[in-house]
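Listing of start-v1.tsv; format and content: TSV, C-alpha atoms and all ligand atoms.
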```
chain	number	residue	atom	x	y	z
L	1	MET	CA	32.67	15.93	-75.58
L	2	LYS	CA	35.16	13.16	-74.81
L	3	ALA	CA	37.56	15.61	-73.18
L	4	ASN	CA	34.86	16.56	-70.68
L	5	LEU	CA	34.24	12.95	-69.81
L	6	TRP	CA	37.87	12.33	-69.01
L	7	ALA	CA	37.97	15.52	-66.93
L	8	LEU	CA	35.05	14.22	-64.90
L	9	GLN	CA	36.97	11.02	-64.40
L	10	ARG	CA	39.99	12.86	-63.03
L	11	GLU	CA	37.74	14.82	-60.71
L	12	PHE	CA	36.47	11.53	-59.23
L	13	GLN	CA	39.95	10.21	-58.72
L	14	SER	CA	41.36	13.28	-57.04
L	15	GLU	CA	38.44	13.62	-54.67
L	16	SER	CA	39.20	13.03	-51.00
L	17	PRO	CA	36.27	10.81	-50.15
L	18	VAL	CA	35.89	11.15	-46.42
L	19	THR	CA	32.59	12.63	-45.35
L	20	THR	CA	29.19	13.60	-46.61
L	21	ASP	CA	26.99	16.17	-44.90
L	22	ALA	CA	24.35	13.57	-44.17
L	23	GLY	CA	23.17	13.53	-40.59
L	24	ARG	CA	23.65	11.05	-37.79
L	25	ASP	CA	20.44	9.16	-38.60
L	26	HIS	CA	21.74	8.52	-42.07
L	27	HIS	CA	25.05	7.26	-40.72
L	28	LEU	CA	23.31	4.93	-38.29
L	29	ALA	CA	21.13	3.63	-41.12
L	30	LEU	CA	24.28	2.90	-43.16
L	31	LEU	CA	25.84	1.11	-40.20
L	32	ARG	CA	22.69	-0.90	-39.56
L	33	GLY	CA	22.47	-1.80	-43.26
L	34	MET	CA	26.00	-3.20	-43.24
L	35	LEU	CA	25.51	-4.95	-39.91
L	36	CYS	CA	22.32	-6.59	-41.16
L	37	ILE	CA	24.16	-8.00	-44.21
L	38	ARG	CA	27.08	-9.25	-42.08
L	39	ARG	CA	24.82	-10.99	-39.56
L	40	PHE	CA	22.55	-12.34	-42.31
L	41	GLU	CA	25.55	-13.92	-44.04
L	42	GLU	CA	26.88	-15.40	-40.79
L	43	LYS	CA	23.47	-16.90	-40.12
L	44	ALA	CA	23.23	-18.21	-43.69
L	45	ALA	CA	26.63	-19.94	-43.33
L	46	GLU	CA	25.44	-21.58	-40.12
L	47	LEU	CA	22.15	-22.73	-41.68
L	48	TYR	CA	24.02	-24.02	-44.73
L	49	SER	CA	26.21	-26.21	-42.57
L	50	LEU	CA	23.06	-27.54	-40.85
L	51	GLY	CA	21.55	-28.41	-44.24
L	52	SER	CA	18.60	-26.00	-43.99
L	53	ILE	CA	19.97	-24.09	-47.00
L	54	ARG	CA	21.13	-26.25	-49.90
L	55	GLY	CA	22.61	-25.70	-53.34
L	56	PHE	CA	25.18	-22.96	-53.74
L	57	LEU	CA	25.83	-20.24	-51.20
L	58	HIS	CA	28.12	-17.32	-51.98
L	59	LEU	CA	28.65	-14.90	-49.14
L	60	TYR	CA	29.29	-11.14	-49.21
L	61	ILE	CA	31.20	-10.75	-45.93
L	62	GLY	CA	33.71	-7.89	-46.22
L	63	GLU	CA	31.97	-6.20	-49.17
L	64	GLU	CA	29.01	-4.71	-47.29
L	65	ALA	CA	30.03	-1.07	-47.85
L	66	VAL	CA	29.67	-1.49	-51.61
L	67	ALA	CA	26.02	-2.59	-51.61
L	68	VAL	CA	24.92	-0.23	-48.86
L	69	GLY	CA	26.85	2.80	-50.13
L	70	ALA	CA	25.90	2.39	-53.79
L	71	MET	CA	22.22	1.80	-53.03
L	72	GLN	CA	22.00	5.30	-51.49
L	73	ALA	CA	22.35	6.80	-54.95
L	74	LEU	CA	19.36	4.91	-56.36
L	75	THR	CA	15.68	5.78	-56.36
L	76	PRO	CA	12.70	3.38	-56.32
L	77	GLN	CA	12.33	3.99	-60.09
L	78	ASP	CA	15.84	2.76	-60.81
L	79	ARG	CA	16.52	-0.84	-61.75
L	80	ILE	CA	19.11	-3.12	-60.25
L	81	VAL	CA	20.87	-6.12	-61.71
L	82	ALA	CA	23.27	-8.09	-59.53
L	83	THR	CA	25.42	-11.22	-59.56
L	84	TYR	CA	25.23	-14.59	-57.82
L	85	ARG	CA	26.76	-12.98	-54.71
L	86	GLU	CA	23.75	-10.73	-54.25
L	87	HIS	CA	22.29	-11.15	-50.75
L	88	GLY	CA	23.88	-7.83	-49.79
L	89	GLN	CA	22.37	-5.87	-52.67
L	90	ALA	CA	18.99	-7.53	-52.08
L	91	LEU	CA	18.90	-6.56	-48.40
L	92	ALA	CA	20.21	-3.06	-49.13
L	93	ARG	CA	17.47	-2.60	-51.72
L	94	GLY	CA	14.87	-3.40	-49.06
L	95	ILE	CA	13.92	-6.97	-49.91
L	96	PRO	CA	12.84	-8.25	-46.48
L	97	ALA	CA	15.29	-10.63	-44.79
L	98	ALA	CA	12.41	-13.10	-44.30
L	99	SER	CA	11.63	-13.15	-48.03
L	100	LEU	CA	15.31	-13.68	-48.81
L	101	MET	CA	15.90	-16.33	-46.16
L	102	SER	CA	12.75	-18.22	-47.21
L	103	GLU	CA	14.02	-18.19	-50.79
L	104	MET	CA	17.29	-19.67	-49.65
L	105	PHE	CA	15.40	-22.41	-47.82
L	106	GLY	CA	13.65	-23.13	-51.16
L	107	LYS	CA	10.26	-22.24	-49.68
L	108	ALA	CA	7.24	-20.95	-51.59
L	109	ASN	CA	7.15	-17.78	-49.47
L	110	GLY	CA	10.58	-16.80	-50.81
L	111	CYS	CA	10.89	-13.87	-53.23
L	112	SER	CA	11.35	-16.25	-56.20
L	113	ARG	CA	8.85	-18.80	-54.78
L	114	GLY	CA	11.77	-21.00	-53.82
L	115	HIS	CA	12.61	-21.65	-57.47
L	116	GLY	CA	15.76	-19.54	-57.49
L	117	GLY	CA	17.64	-20.00	-54.24
L	118	SER	CA	20.64	-18.00	-53.13
L	119	MET	CA	21.94	-17.13	-56.62
L	120	HIS	CA	18.63	-16.04	-58.18
L	121	ILE	CA	17.09	-13.42	-55.94
L	122	PHE	CA	14.47	-11.50	-57.90
L	123	ASP	CA	11.84	-8.98	-56.82
L	124	VAL	CA	10.14	-7.01	-59.58
L	125	SER	CA	8.21	-4.87	-57.09
L	126	ARG	CA	11.55	-3.46	-55.96
L	127	ARG	CA	12.94	-3.48	-59.50
L	128	PHE	CA	15.53	-6.01	-58.47
L	129	TYR	CA	16.21	-8.15	-61.55
L	130	GLY	CA	18.55	-10.86	-60.23
L	131	GLY	CA	20.75	-12.70	-59.20
L	132	TYR	CA	22.74	-14.29	-62.16
L	133	ALA	CA	24.82	-17.44	-61.88
L	134	ILE	CA	26.40	-16.73	-65.26
L	135	VAL	CA	29.44	-14.53	-64.77
L	136	GLY	CA	28.85	-11.33	-66.74
L	137	GLY	CA	25.31	-12.46	-67.62
L	138	GLY	CA	23.71	-9.49	-65.92
L	139	LEU	CA	25.45	-6.86	-68.05
L	140	PRO	CA	23.48	-7.30	-71.29
L	141	ILE	CA	20.28	-7.59	-69.25
L	142	ALA	CA	21.07	-4.23	-67.64
L	143	VAL	CA	21.71	-2.65	-71.04
L	144	GLY	CA	18.38	-4.07	-72.25
L	145	LEU	CA	16.52	-2.66	-69.24
L	146	ALA	CA	18.08	0.75	-69.85
L	147	LEU	CA	17.13	0.55	-73.52
L	148	ALA	CA	13.55	-0.26	-72.49
L	149	ASP	CA	13.52	2.79	-70.23
L	150	ARG	CA	14.77	4.90	-73.12
L	151	MET	CA	12.15	3.52	-75.52
L	152	GLN	CA	9.36	3.98	-72.97
L	153	ASN	CA	10.47	7.53	-72.16
L	154	ASN	CA	11.05	6.75	-68.49
L	155	ALA	CA	13.22	9.81	-68.12
L	156	GLY	CA	15.42	9.86	-65.03
L	157	ALA	CA	15.36	6.11	-64.37
L	158	ILE	CA	18.73	4.43	-64.48
L	159	THR	CA	19.83	0.81	-64.29
L	160	ALA	CA	22.57	-0.07	-61.82
L	161	CYS	CA	24.50	-3.19	-62.73
L	162	PHE	CA	26.72	-4.83	-60.11
L	163	PHE	CA	29.36	-7.29	-61.31
L	164	GLY	CA	32.66	-8.72	-60.15
L	165	ASP	CA	36.15	-8.26	-61.52
L	166	GLY	CA	35.79	-11.77	-62.95
L	167	ALA	CA	33.16	-10.44	-65.38
L	168	VAL	CA	35.63	-8.18	-67.17
L	169	ALA	CA	37.13	-11.33	-68.71
L	170	GLU	CA	33.85	-12.00	-70.51
L	171	GLY	CA	33.05	-10.81	-74.03
L	172	GLU	CA	29.68	-9.67	-72.67
L	173	PHE	CA	31.43	-7.02	-70.61
L	174	HIS	CA	32.93	-5.36	-73.70
L	175	GLU	CA	29.81	-5.82	-75.83
L	176	SER	CA	27.56	-4.37	-73.14
L	177	LEU	CA	29.75	-1.34	-72.44
L	178	ASN	CA	30.14	-0.68	-76.15
L	179	LEU	CA	26.39	-0.69	-76.86
L	180	ALA	CA	25.56	1.32	-73.75
L	181	ALA	CA	28.13	3.97	-74.77
L	182	LEU	CA	27.15	3.94	-78.42
L	183	TRP	CA	23.47	4.43	-77.63
L	184	LYS	CA	24.13	6.64	-74.57
L	185	LEU	CA	22.01	4.40	-72.37
L	186	PRO	CA	21.45	5.17	-68.68
L	187	VAL	CA	23.48	2.35	-67.11
L	188	LEU	CA	25.59	2.71	-64.00
L	189	PHE	CA	28.12	-0.12	-64.16
L	190	LEU	CA	29.34	-0.97	-60.66
L	191	CYS	CA	32.37	-3.22	-60.65
L	192	GLU	CA	32.92	-4.85	-57.27
L	193	ASN	CA	36.62	-5.46	-57.59
L	194	ASN	CA	37.55	-7.86	-54.80
L	195	PHE	CA	40.69	-8.72	-56.76
L	196	TYR	CA	39.66	-12.34	-57.26
L	197	ALA	CA	37.39	-14.07	-59.75
L	198	MET	CA	36.21	-16.40	-57.00
L	199	GLY	CA	39.70	-17.88	-56.44
L	200	THR	CA	41.70	-16.58	-59.41
L	201	ALA	CA	43.63	-13.37	-58.79
L	202	LEU	CA	42.91	-10.53	-61.23
L	203	HIS	CA	46.52	-10.38	-62.41
L	204	ARG	CA	46.39	-14.09	-63.29
L	205	HIS	CA	43.52	-13.72	-65.75
L	206	GLN	CA	43.89	-10.15	-67.06
L	207	ALA	CA	46.82	-8.64	-68.95
L	208	GLN	CA	45.39	-5.19	-68.22
L	209	THR	CA	44.28	-5.03	-64.59
L	210	ASP	CA	43.10	-1.40	-64.63
L	211	ILE	CA	39.34	-1.87	-64.96
L	212	ALA	CA	38.60	1.85	-65.39
L	213	LEU	CA	40.98	1.84	-68.35
L	214	LYS	CA	39.12	-1.06	-69.93
L	215	ALA	CA	35.89	0.95	-69.67
L	216	GLN	CA	37.55	3.90	-71.41
L	217	GLY	CA	38.48	1.54	-74.22
L	218	GLN	CA	34.76	1.09	-74.84
L	219	GLY	CA	34.04	4.82	-74.61
L	220	VAL	CA	32.64	4.65	-71.08
L	221	PRO	CA	33.98	7.17	-68.55
L	222	ALA	CA	35.03	5.54	-65.31
L	223	ALA	CA	36.37	6.17	-61.84
L	224	SER	CA	37.51	4.17	-58.84
L	225	ALA	CA	36.61	4.49	-55.18
L	226	ASP	CA	37.48	2.81	-51.86
L	227	GLY	CA	34.91	0.03	-51.56
L	228	MET	CA	35.74	-0.52	-47.89
L	229	ASP	CA	34.51	2.95	-46.94
L	230	VAL	CA	30.73	3.28	-47.08
L	231	LEU	CA	30.81	7.08	-47.24
L	232	ALA	CA	33.35	7.04	-50.08
L	233	VAL	CA	31.16	4.57	-51.98
L	234	GLU	CA	28.06	6.65	-51.39
L	235	ALA	CA	29.73	9.90	-52.51
L	236	ALA	CA	31.18	8.33	-55.66
L	237	ALA	CA	27.94	6.50	-56.51
L	238	ARG	CA	25.87	9.67	-56.09
L	239	LYS	CA	28.15	11.51	-58.46
L	240	ALA	CA	28.22	8.72	-61.02
L	241	ALA	CA	24.43	8.23	-60.83
L	242	ALA	CA	23.87	11.97	-61.28
L	243	TYR	CA	26.00	11.85	-64.41
L	244	VAL	CA	24.05	8.89	-65.84
L	245	ARG	CA	20.72	10.49	-64.91
L	246	GLN	CA	21.52	13.51	-67.06
L	247	GLY	CA	21.27	11.30	-70.14
L	248	LEU	CA	24.94	11.58	-71.03
L	249	GLY	CA	25.33	7.83	-71.28
L	250	PRO	CA	26.77	5.12	-69.02
L	251	PHE	CA	29.41	5.43	-66.33
L	252	LEU	CA	31.56	2.75	-64.72
L	253	LEU	CA	32.50	2.94	-61.07
L	254	GLU	CA	35.10	0.50	-59.82
L	255	LEU	CA	34.77	-0.18	-56.09
L	256	ARG	CA	37.87	-1.73	-54.59
L	257	THR	CA	36.87	-4.17	-51.91
L	258	TYR	CA	37.76	-7.53	-50.44
L	259	ARG	CA	35.94	-10.74	-49.66
L	260	TYR	CA	37.60	-12.49	-46.78
L	261	ARG	CA	39.50	-15.54	-47.99
L	262	ALA	CA	43.33	-16.07	-47.91
L	263	LYS	CA	44.66	-16.16	-44.33
L	264	LYS	CA	47.53	-13.70	-44.75
L	265	GLU	CA	45.39	-11.26	-46.71
L	266	ILE	CA	42.50	-11.54	-44.29
L	267	ALA	CA	44.58	-10.01	-41.52
L	268	GLU	CA	45.57	-7.07	-43.73
L	269	TRP	CA	42.09	-6.42	-45.05
L	270	GLN	CA	40.36	-6.92	-41.72
L	271	GLU	CA	42.10	-3.77	-40.56
L	272	ARG	CA	40.05	-2.03	-43.24
L	273	ASP	CA	36.81	-3.81	-42.30
L	274	PRO	CA	33.97	-1.58	-43.48
L	275	ILE	CA	31.84	-2.11	-40.38
L	276	SER	CA	34.36	-1.84	-37.52
L	277	ASN	CA	36.06	1.13	-39.19
L	278	PHE	CA	32.85	3.05	-39.76
L	279	GLU	CA	31.75	2.25	-36.20
L	280	ALA	CA	35.07	3.56	-34.85
L	281	ARG	CA	34.75	6.72	-36.95
L	282	LEU	CA	31.25	7.44	-35.64
L	283	ARG	CA	32.41	6.80	-32.06
L	284	GLU	CA	35.30	9.26	-32.52
L	285	GLN	CA	32.81	11.87	-33.67
L	286	GLY	CA	30.70	11.20	-30.57
L	287	ALA	CA	27.88	10.03	-32.84
L	288	LEU	CA	27.73	6.46	-31.54
L	289	SER	CA	27.63	5.01	-28.03
L	290	ASP	CA	27.83	1.45	-26.63
L	291	ALA	CA	24.09	1.62	-26.08
L	292	ASP	CA	23.53	2.57	-29.74
L	293	VAL	CA	25.58	-0.40	-30.91
L	294	GLU	CA	23.69	-2.71	-28.56
L	295	THR	CA	20.36	-1.39	-29.87
L	296	LEU	CA	21.44	-1.83	-33.49
L	297	GLU	CA	22.71	-5.37	-32.90
L	298	LYS	CA	19.52	-6.29	-31.05
L	299	SER	CA	17.24	-4.94	-33.78
L	300	VAL	CA	19.23	-6.80	-36.46
L	301	GLN	CA	19.21	-10.03	-34.43
L	302	ASP	CA	15.44	-9.75	-33.90
L	303	GLU	CA	14.84	-9.13	-37.60
L	304	LEU	CA	16.96	-12.13	-38.57
L	305	ALA	CA	15.42	-14.43	-35.95
L	306	GLU	CA	12.01	-13.61	-37.42
L	307	ALA	CA	13.38	-14.18	-40.95
L	308	VAL	CA	14.61	-17.65	-40.00
L	309	ARG	CA	11.32	-18.40	-38.24
L	310	GLN	CA	9.37	-17.52	-41.38
L	311	ALA	CA	11.76	-19.50	-43.58
L	312	GLU	CA	11.41	-22.59	-41.38
L	313	ALA	CA	7.62	-22.27	-41.17
L	314	GLY	CA	7.20	-21.48	-44.90
L	315	PRO	CA	5.44	-24.00	-47.16
L	316	TRP	CA	7.14	-26.02	-49.87
L	317	GLU	CA	6.05	-25.33	-53.43
L	318	PRO	CA	3.28	-27.81	-54.33
L	319	VAL	CA	4.22	-30.47	-56.88
L	320	GLU	CA	1.59	-29.07	-59.29
L	321	ASP	CA	3.74	-25.95	-59.58
L	322	LEU	CA	6.74	-27.89	-60.85
L	323	THR	CA	6.50	-26.39	-64.35
L	324	ARG	CA	5.30	-22.98	-63.23
L	325	ASP	CA	7.46	-20.24	-64.80
L	326	VAL	CA	9.00	-22.86	-67.09
L	327	TYR	CA	6.27	-22.85	-69.73
L	328	THR	CA	4.00	-19.92	-70.59
L	329	GLN	CA	0.70	-20.25	-68.78
L	330	GLU	CA	-2.57	-19.56	-70.48
L	331	ALA	CA	-4.06	-16.22	-69.53
L	332	GLY	CA	-6.02	-16.61	-66.30
L	333	ALA	CA	-4.32	-19.93	-65.46
L	334	ARG	CA	-2.58	-18.39	-62.45
J	401	LIG	C1	30.11	-17.64	-67.99
J	401	LIG	C2	30.67	-18.31	-66.76
J	401	LIG	N1	31.91	-18.80	-66.79
J	401	LIG	C3	32.43	-19.41	-65.70
J	401	LIG	C4	31.69	-19.52	-64.55
J	401	LIG	C5	32.29	-20.18	-63.33
J	401	LIG	N2	32.54	-19.17	-62.30
J	401	LIG	C6	31.76	-19.09	-61.19
J	401	LIG	S1	32.22	-17.86	-60.21
J	401	LIG	C7	33.47	-17.39	-61.20
J	401	LIG	C8	34.35	-16.21	-60.87
J	401	LIG	C9	33.56	-14.92	-60.75
J	401	LIG	O1	34.35	-13.90	-60.25
J	401	LIG	P1	33.77	-12.47	-59.89
J	401	LIG	O2	32.79	-12.08	-60.94
J	401	LIG	O3	34.93	-11.57	-59.68
J	401	LIG	O4	32.96	-12.68	-58.56
J	401	LIG	P2	33.44	-13.02	-57.06
J	401	LIG	O5	33.23	-14.49	-56.86
J	401	LIG	O6	34.86	-12.60	-56.92
J	401	LIG	O7	32.52	-12.21	-56.22
J	401	LIG	C10	33.54	-18.21	-62.32
J	401	LIG	C11	34.53	-18.07	-63.41
J	401	LIG	C12	30.37	-19.01	-64.56
J	401	LIG	N3	29.58	-19.06	-63.49
J	401	LIG	N4	29.88	-18.38	-65.67
```
Would you write the structure of this file as structure tokens?
Amino acid sequence: MKANLWALQREFQSESPVTTDAGRDHHLALLRGMLCIRRFEEKAAELYSLGSIRGFLHLYIGEEAVAVGAMQALTPQDRIVATYREHGQALARGIPAASLMSEMFGKANGCSRGHGGSMHIFDVSRRFYGGYAIVGGGLPIAVGLALADRMQNNAGAITACFFGDGAVAEGEFHESLNLAALWKLPVLFLCENNFYAMGTALHRHQAQTDIALKAQGQGVPAASADGMDVLAVEAAARKAAAYVRQGLGPFLLELRTYRYRAKKEIAEWQERDPISNFEARLREQGALSDADVETLEKSVQDELAEAVRQAEAGPWEPVEDLTRDVYTQEAGAR
């Protein structure tokens, strides 16, 4: 059994991840998805500096291909657990920008009624279970959700768990992978390796920097893909999700990406920017014109302008709701 798992892993790694046979509409949807995240984050940074958004704000600029590509492999029945840098996953999952922006303003019309803010985006109707400020905190939650699906016979549903390379330093990472493998639970672990735990380089906090190898140590097959290439992410995520869906147990996909930070590195990584590169590729194929780009930009700008309008106009939570969701309410009290 194990031998087959490692063979699957090699197959992932030797794959040349360039294209899928998806049509032009699909490609434009991927591009729009990434563009929407980029523009949303730029807007959020601006509104943060104006004081409209307070608390913490962790942006996803540069990593858009990971959220958008991976989300293609998931169905509405699947569950998603993310980190504190989760605006991208939330938008890619279909949480409306207005609901997200209102949450970041702390307004009652936000998806977590303004109680969560940027790091605690939650939307049960879309099976989006956070948003965790605790590094690695989402992994055991994901394993628990997958166990619940197993116990409730929700065959075919999988739980996708996004986490950063910083989380592999946590005991929870090893404990979660071990239990998921031991009980063959349907968890798709998605490691967004941007090579930094916020500001600490991977090689400065890990003796073993090969994350796929760490997964193997816990009996979880793993593979790596180019997280700057949305089609490569989609292809790898589809394959990994199909494996997990068969009931063979968890799989870990490491997506190598970059969040723009150090000046020297920014220049190098910007050449691999997931949006401008994908745009250039579609243009080369004659699948994208200037007019298309203008239309996409305009539709994203309109959507975000409306999101900000709703966030600004949204009501504050009434004082009476201060303890709501803190203590159990009596039945019918809501
Ligand atoms: C359990 C825990 N320890 C420490 C922290 C402080 N902390 C906040 S972000 C961070 C690094 C996280 O790195 P990574 O998961 O790679 O995410 P990135 O910021 O690179 O997206 C740390 C250690 C925390 N939030 N939770």
**Request:** Have a look at atom CA of L:Ser118 and atom CA of L:Ile80 and let me know their distance in Å, one decimal.
**Result:**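 Between these atoms lies a distance of 16.6 Å.
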**Request:** Select the residues contacting ligand LIG 401 (chain J) at a distance of at most 8 Å, based on only C-alpha atoms and all ligand atoms, then format the selection as a list in words.
**Result:**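 The residues within 8 Å of ligand LIG 401 (chain J), counting only C-alpha atoms and all ligand atoms, are His58, Tyr60, Thr83, Tyr84, Arg85, Ala133, Ile134, Val135, Gly136, Gly137, Phe163, Gly164, Asp165, Gly166, Ala167, Val168, Glu170, Glu192, Asn193, Asn194, Phe195, Tyr196, Ala197, Met198, Gly199, Thr200 and Arg259 of chain L.
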**Point-to-point distance from atom CA of L:Arg127 to atom CA of L:Arg79, Å rounded to tenths** = 5.0 Å
**Residue nearest L:Leu50 - candidates L:Gly131, L:His26, L:Pro318, L:Phe105, atoms counted: all atoms listed in the file** =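 Closest residue, counting all atoms listed in the file: L:Phe105.
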**Asked** Which residues come within 9 Å of L:Ile53, counting all atoms listed in the file, excluding same-chain residues fewer than 2 positions away, as an NGL selection string?
**Response** :L and (44-45 or 47-51 or 55-57 or 101 or 104-106 or 117-118)
**Prompt:** Which neighbours of L:Gly138 fall inside 7 Å, counting all atoms listed in the file, when residues of the same chain fewer than 6 positions from it are skipped, and could you give them as an MDAnalysis selection string?
**Reply:** chainID L and resid 81:83 132
**Request:** Rank nothing, just name the residue among L:Gln89, L:Ser176, L:Ser99, L:Gln72 nearest to L:Gln310, using only C-alpha atoms.
**Result:**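 When distances to L:Gln310 are compared using only C-alpha atoms, the smallest one comes from L:Ser99.
Here atom CA of L:Ser52 and atom CA of L:Tyr129 stand 25.2 Å from one another.
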**Prompt:** From the set L:Gln152, L:Ser112, L:Thr257, L:Gln285, which residue has the shortest atom-to-atom contact distance to L:Val124, counting only C-alpha atoms?
**Reply:**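 Once distances to L:Val124 are computed over only C-alpha atoms, the minimum belongs to L:Ser112.
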**Request:** For L:Val300, list every protein, DNA or RNA residue within 12 Å, evaluated using all atoms listed in the file, and leave out those in the same chain fewer than 2 positions away; present the list as a list in words.
**Result:**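 The filter keeps Ala29, Leu31, Arg32, Gly33, Met34, Leu35, Cys36, Ile37, Arg38, Arg39, Phe40, Lys43, Leu91, Pro96, Ala97, Val293, Glu294, Thr295, Leu296, Glu297, Lys298, Asp302, Glu303, Leu304, Ala305, Glu306 and Ala307 of chain L.
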